Amino acid sequence: MAGACALLSLPAGTALGADDDAIKPAVPTIYLDLRTIYAQVPAGSLAFGFGRPTLFNTQTLATSGGVAFPAGLPAAKSLNMDFPLTVDVTESVSLYAGVSGSSTNFGNAGFSSFQITSWNIGFQADLYEQNGGTFPTVTLQSTITQSIPNGPLGTTSFNNILEFGYALDSDETRGFLSGFQYTRTDVDSALGRINPNTIAYVGGYYQRPNNWKFTGRVGVQSFEGAQLLNLASIQPFAQPIVRLDLDRMDDNDNRLFGITAEIMWVPNPAYQLTFRTPLYAVKN
C-alpha cells in the first residue's frame, strides 16, 4: 500500500431503485490517481506503512542497486510519485495499474536523479455492503508491486488489506473502521531476505456537509525483520503506526484533493506526507 502504499476511502452507498439500469453511466469513472510522497526514514530501517508498498522496501532497494553501505542502511529521504491509472468499474469495484518513480537521498549524499523504480497492478472491491444493515461493509484491496530494475536486490511485493467499515448513518458520512494489512516482499535473489509485515488497526471517519472528509487510523505494525547483502540485520519490531487523511470530495464522492500524514515507529519514527491530486478523464 507503495504507499501506499494508499487505502482508498470507502465509497458512500446508495439505495438501488428499479430504474437504476436506465441511469447507469455508459463509461466508468477513469482517472490518474496522481500521488506525490515525501518521506524520511531513520538509519537501519525499512518502512512499509499503510496502503500499497512504497518507499523503503521495493523502491529504495531498487534505487540502491546493491550499493554497499559498510555502516548499515543509512537514514534516507525520498520524493516519490505514483501514477496508477484507475478505473472505477462499479461503485464497489476499482482496478488500477501504473508505475512509481523516486528520487532518494541516503545520508547526506544529496538526492539522486528521478527515475522509475517500480510498477504495480491491483484492485479494490467491496465484498459486502452494509447499506443500512447490521453488518459492516467489507473491503478487500490487493496489490502486486515489482521493482525496476530487477537487479541483485530487486523485489516483488504482495500487499493485501481487509477493512471493515461500519457506518453510523444512512448517508455513510460518519462511522468506524478496523482492518488488517499483510505485506510479503520477495527478494529476487538469494542475496537478501525480507520477512512479512503485518498491521492491525482501528479508526473512524467523518464527512462534513461541505464534503470535506477526515479519516483517522491507529494501529500496531509488526515487522519480522530482514537481512540484506552486507548490511546489518534489520531486527523485528512491533510498534505503533498512525495515519490521518483529509480529503475534499464532490457530491458523488469522487476525490478532488487529498492529503495524508503518516507516522510509523520502525522502531524510531519515520514520516510520510502524501498529496493526492486525481486527474479525471471520465467522472461520474
# chains A, B, ... in the order shown; residues from 1 in each chain; ligands from 1

$ residues_around --residues "Met81 of chain A" --least-positions-apart "6" --cutoff "8 Å" --atoms "only C-alpha atoms" --output "ChimeraX atom specification"
/A:34-37,100-102

$ residues_around --residues "segment 111-128 of chain A" --least-positions-apart "3" --cutoff "6 Å" --atoms "only C-alpha atoms" --output "PyMOL selection string"
chain A and resi 59+92-105+137-148

$ write_last_selection --atoms "N, CA and C atoms" --output "PDB file, in the first residue's frame"
ATOM      1  N   GLN A  59      11.198   0.235  -3.489  1.00  0.00           N
ATOM      2  CA  GLN A  59      11.756   1.333  -4.267  1.00  0.00           C
ATOM      3  C   GLN A  59      13.164   1.707  -3.826  1.00  0.00           C
ATOM      4  N   SER A  92     -18.526  -0.373  -6.422  1.00  0.00           N
ATOM      5  CA  SER A  92     -17.929  -1.299  -5.466  1.00  0.00           C
ATOM      6  C   SER A  92     -16.598  -1.884  -5.901  1.00  0.00           C
ATOM      7  N   VAL A  93     -16.219  -1.718  -7.165  1.00  0.00           N
ATOM      8  CA  VAL A  93     -15.012  -2.373  -7.686  1.00  0.00           C
ATOM      9  C   VAL A  93     -14.164  -1.364  -8.449  1.00  0.00           C
ATOM     10  N   SER A  94     -12.868  -1.292  -8.095  1.00  0.00           N
ATOM     11  CA  SER A  94     -11.909  -0.451  -8.803  1.00  0.00           C
ATOM     12  C   SER A  94     -10.709  -1.291  -9.213  1.00  0.00           C
ATOM     13  N   LEU A  95     -10.202  -1.020 -10.418  1.00  0.00           N
ATOM     14  CA  LEU A  95      -8.989  -1.657 -10.917  1.00  0.00           C
ATOM     15  C   LEU A  95      -7.948  -0.578 -11.161  1.00  0.00           C
ATOM     16  N   TYR A  96      -6.665  -0.890 -10.938  1.00  0.00           N
ATOM     17  CA  TYR A  96      -5.623   0.109 -11.162  1.00  0.00           C
ATOM     18  C   TYR A  96      -4.322  -0.566 -11.570  1.00  0.00           C
ATOM     19  N   ALA A  97      -3.519   0.186 -12.317  1.00  0.00           N
ATOM     20  CA  ALA A  97      -2.194  -0.267 -12.727  1.00  0.00           C
ATOM     21  C   ALA A  97      -1.376   0.965 -13.081  1.00  0.00           C
ATOM     22  N   GLY A  98      -0.085   0.930 -12.797  1.00  0.00           N
ATOM     23  CA  GLY A  98       0.736   2.083 -13.110  1.00  0.00           C
ATOM     24  C   GLY A  98       2.174   1.891 -12.694  1.00  0.00           C
ATOM     25  N   VAL A  99       2.918   2.987 -12.681  1.00  0.00           N
ATOM     26  CA  VAL A  99       4.327   2.970 -12.303  1.00  0.00           C
ATOM     27  C   VAL A  99       4.564   3.991 -11.206  1.00  0.00           C
ATOM     28  N   SER A 100       5.705   3.843 -10.531  1.00  0.00           N
ATOM     29  CA  SER A 100       6.136   4.779  -9.499  1.00  0.00           C
ATOM     30  C   SER A 100       7.579   5.176  -9.768  1.00  0.00           C
ATOM     31  N   GLY A 101       7.903   6.411  -9.435  1.00  0.00           N
ATOM     32  CA  GLY A 101       9.260   6.901  -9.577  1.00  0.00           C
ATOM     33  C   GLY A 101       9.709   7.582  -8.304  1.00  0.00           C
ATOM     34  N   SER A 102      11.021   7.687  -8.118  1.00  0.00           N
ATOM     35  CA  SER A 102      11.518   8.279  -6.881  1.00  0.00           C
ATOM     36  C   SER A 102      12.881   8.933  -7.083  1.00  0.00           C
ATOM     37  N   SER A 103      13.147   9.868  -6.184  1.00  0.00           N
ATOM     38  CA  SER A 103      14.470  10.461  -6.016  1.00  0.00           C
ATOM     39  C   SER A 103      14.823  10.285  -4.552  1.00  0.00           C
ATOM     40  N   THR A 104      15.996   9.716  -4.250  1.00  0.00           N
ATOM     41  CA  THR A 104      16.329   9.303  -2.889  1.00  0.00           C
ATOM     42  C   THR A 104      17.630   9.935  -2.427  1.00  0.00           C
ATOM     43  N   ASN A 105      17.658  10.298  -1.161  1.00  0.00           N
ATOM     44  CA  ASN A 105      18.849  10.864  -0.535  1.00  0.00           C
ATOM     45  C   ASN A 105      19.265   9.945   0.613  1.00  0.00           C
ATOM     46  N   THR A 137     -19.561  -2.915   6.042  1.00  0.00           N
ATOM     47  CA  THR A 137     -19.008  -3.112   4.706  1.00  0.00           C
ATOM     48  C   THR A 137     -17.634  -3.767   4.825  1.00  0.00           C
ATOM     49  N   VAL A 138     -17.391  -4.751   3.979  1.00  0.00           N
ATOM     50  CA  VAL A 138     -16.109  -5.461   3.978  1.00  0.00           C
ATOM     51  C   VAL A 138     -15.409  -5.172   2.657  1.00  0.00           C
ATOM     52  N   THR A 139     -14.212  -4.605   2.720  1.00  0.00           N
ATOM     53  CA  THR A 139     -13.468  -4.200   1.526  1.00  0.00           C
ATOM     54  C   THR A 139     -12.121  -4.913   1.469  1.00  0.00           C
ATOM     55  N   LEU A 140     -11.799  -5.445   0.306  1.00  0.00           N
ATOM     56  CA  LEU A 140     -10.506  -6.090   0.073  1.00  0.00           C
ATOM     57  C   LEU A 140      -9.736  -5.298  -0.961  1.00  0.00           C
ATOM     58  N   GLN A 141      -8.476  -4.977  -0.649  1.00  0.00           N
ATOM     59  CA  GLN A 141      -7.573  -4.339  -1.612  1.00  0.00           C
ATOM     60  C   GLN A 141      -6.331  -5.203  -1.737  1.00  0.00           C
ATOM     61  N   SER A 142      -5.945  -5.519  -2.968  1.00  0.00           N
ATOM     62  CA  SER A 142      -4.796  -6.375  -3.207  1.00  0.00           C
ATOM     63  C   SER A 142      -3.926  -5.758  -4.297  1.00  0.00           C
ATOM     64  N   THR A 143      -2.601  -5.678  -4.042  1.00  0.00           N
ATOM     65  CA  THR A 143      -1.674  -5.028  -4.969  1.00  0.00           C
ATOM     66  C   THR A 143      -0.401  -5.850  -5.115  1.00  0.00           C
ATOM     67  N   ILE A 144       0.075  -5.981  -6.343  1.00  0.00           N
ATOM     68  CA  ILE A 144       1.386  -6.558  -6.621  1.00  0.00           C
ATOM     69  C   ILE A 144       2.296  -5.439  -7.118  1.00  0.00           C
ATOM     70  N   THR A 145       3.490  -5.324  -6.521  1.00  0.00           N
ATOM     71  CA  THR A 145       4.457  -4.297  -6.901  1.00  0.00           C
ATOM     72  C   THR A 145       5.784  -4.958  -7.240  1.00  0.00           C
ATOM     73  N   GLN A 146       6.331  -4.635  -8.418  1.00  0.00           N
ATOM     74  CA  GLN A 146       7.607  -5.188  -8.874  1.00  0.00           C
ATOM     75  C   GLN A 146       8.609  -4.052  -9.062  1.00  0.00           C
ATOM     76  N   SER A 147       9.786  -4.183  -8.457  1.00  0.00           N
ATOM     77  CA  SER A 147      10.788  -3.123  -8.575  1.00  0.00           C
ATOM     78  C   SER A 147      11.401  -3.099  -9.967  1.00  0.00           C
ATOM     79  N   ILE A 148      11.888  -1.916 -10.359  1.00  0.00           N
ATOM     80  CA  ILE A 148      12.588  -1.694 -11.619  1.00  0.00           C
ATOM     81  C   ILE A 148      13.856  -0.895 -11.290  1.00  0.00           C
TER      82      ILE A 148
END

$ residues_around --residues "Thr29 of chain A" --least-positions-apart "6" --cutoff "6 Å" --atoms "only C-alpha atoms" --output "PyMOL selection string"
chain A and resi 87-88+282-284

$ residues_around --residues "segment 188-193 of chain A" --least-positions-apart "2" --cutoff "6 Å" --atoms "only C-alpha atoms" --output "ChimeraX atom specification"
/A:154-155,226-229

$ closest_residue --among "A:Gly216, A:Pro136, A:Gly110, A:Pro278" --to "Leu246 of chain A" --atoms "only C-alpha atoms"
A:Gly216

$ select_by_dssp --residues "segment 15-251 of chain A" --states "strand (DSSP E)" --output "PyMOL selection string"
chain A and resi 29-32+35-41+76-88+93-106+115-128+137-147+155-167+174-187+192-194+197-207+212-223+226-228+237-249

$ residues_around --residues "Asn268 of chain A" --least-positions-apart "5" --cutoff "9 Å" --atoms "only C-alpha atoms" --output "NGL selection string"
:A and (41-43 or 45)

$ write_last_selection --atoms "C-alpha atoms" --output "PDB file, in the first residue's frame"
ATOM      1  CA  VAL A  41      13.216   7.011   7.379  1.00  0.00           C
ATOM      2  CA  PRO A  42      15.815   6.592  10.164  1.00  0.00           C
ATOM      3  CA  ALA A  43      19.022   4.600   9.743  1.00  0.00           C
ATOM      4  CA  SER A  45      15.201   0.614   8.976  1.00  0.00           C
TER       5      SER A  45
END

$ residues_around --residues "segment 249-265 of chain A" --least-positions-apart "2" --cutoff "7 Å" --atoms "only C-alpha atoms" --output "PyMOL selection string"
chain A and resi 11-12+49+211-212+239-247+267-278

$ closest_atom_pairs --of "segment 168-188 of chain A" --to "segment 158-161 of chain A" --cutoff "6 Å" --atoms "only C-alpha atoms" --output "JSON lines"
{"residue": "A:Phe180", "atom": "CA", "partner": "A:Ile161", "partner_atom": "CA", "distance": 5.7}
{"residue": "A:Gln181", "atom": "CA", "partner": "A:Ile161", "partner_atom": "CA", "distance": 4.3}
{"residue": "A:Tyr182", "atom": "CA", "partner": "A:Asn160", "partner_atom": "CA", "distance": 5.4}
{"residue": "A:Thr183", "atom": "CA", "partner": "A:Asn159", "partner_atom": "CA", "distance": 4.4}
{"residue": "A:Arg184", "atom": "CA", "partner": "A:Phe158", "partner_atom": "CA", "distance": 5.2}
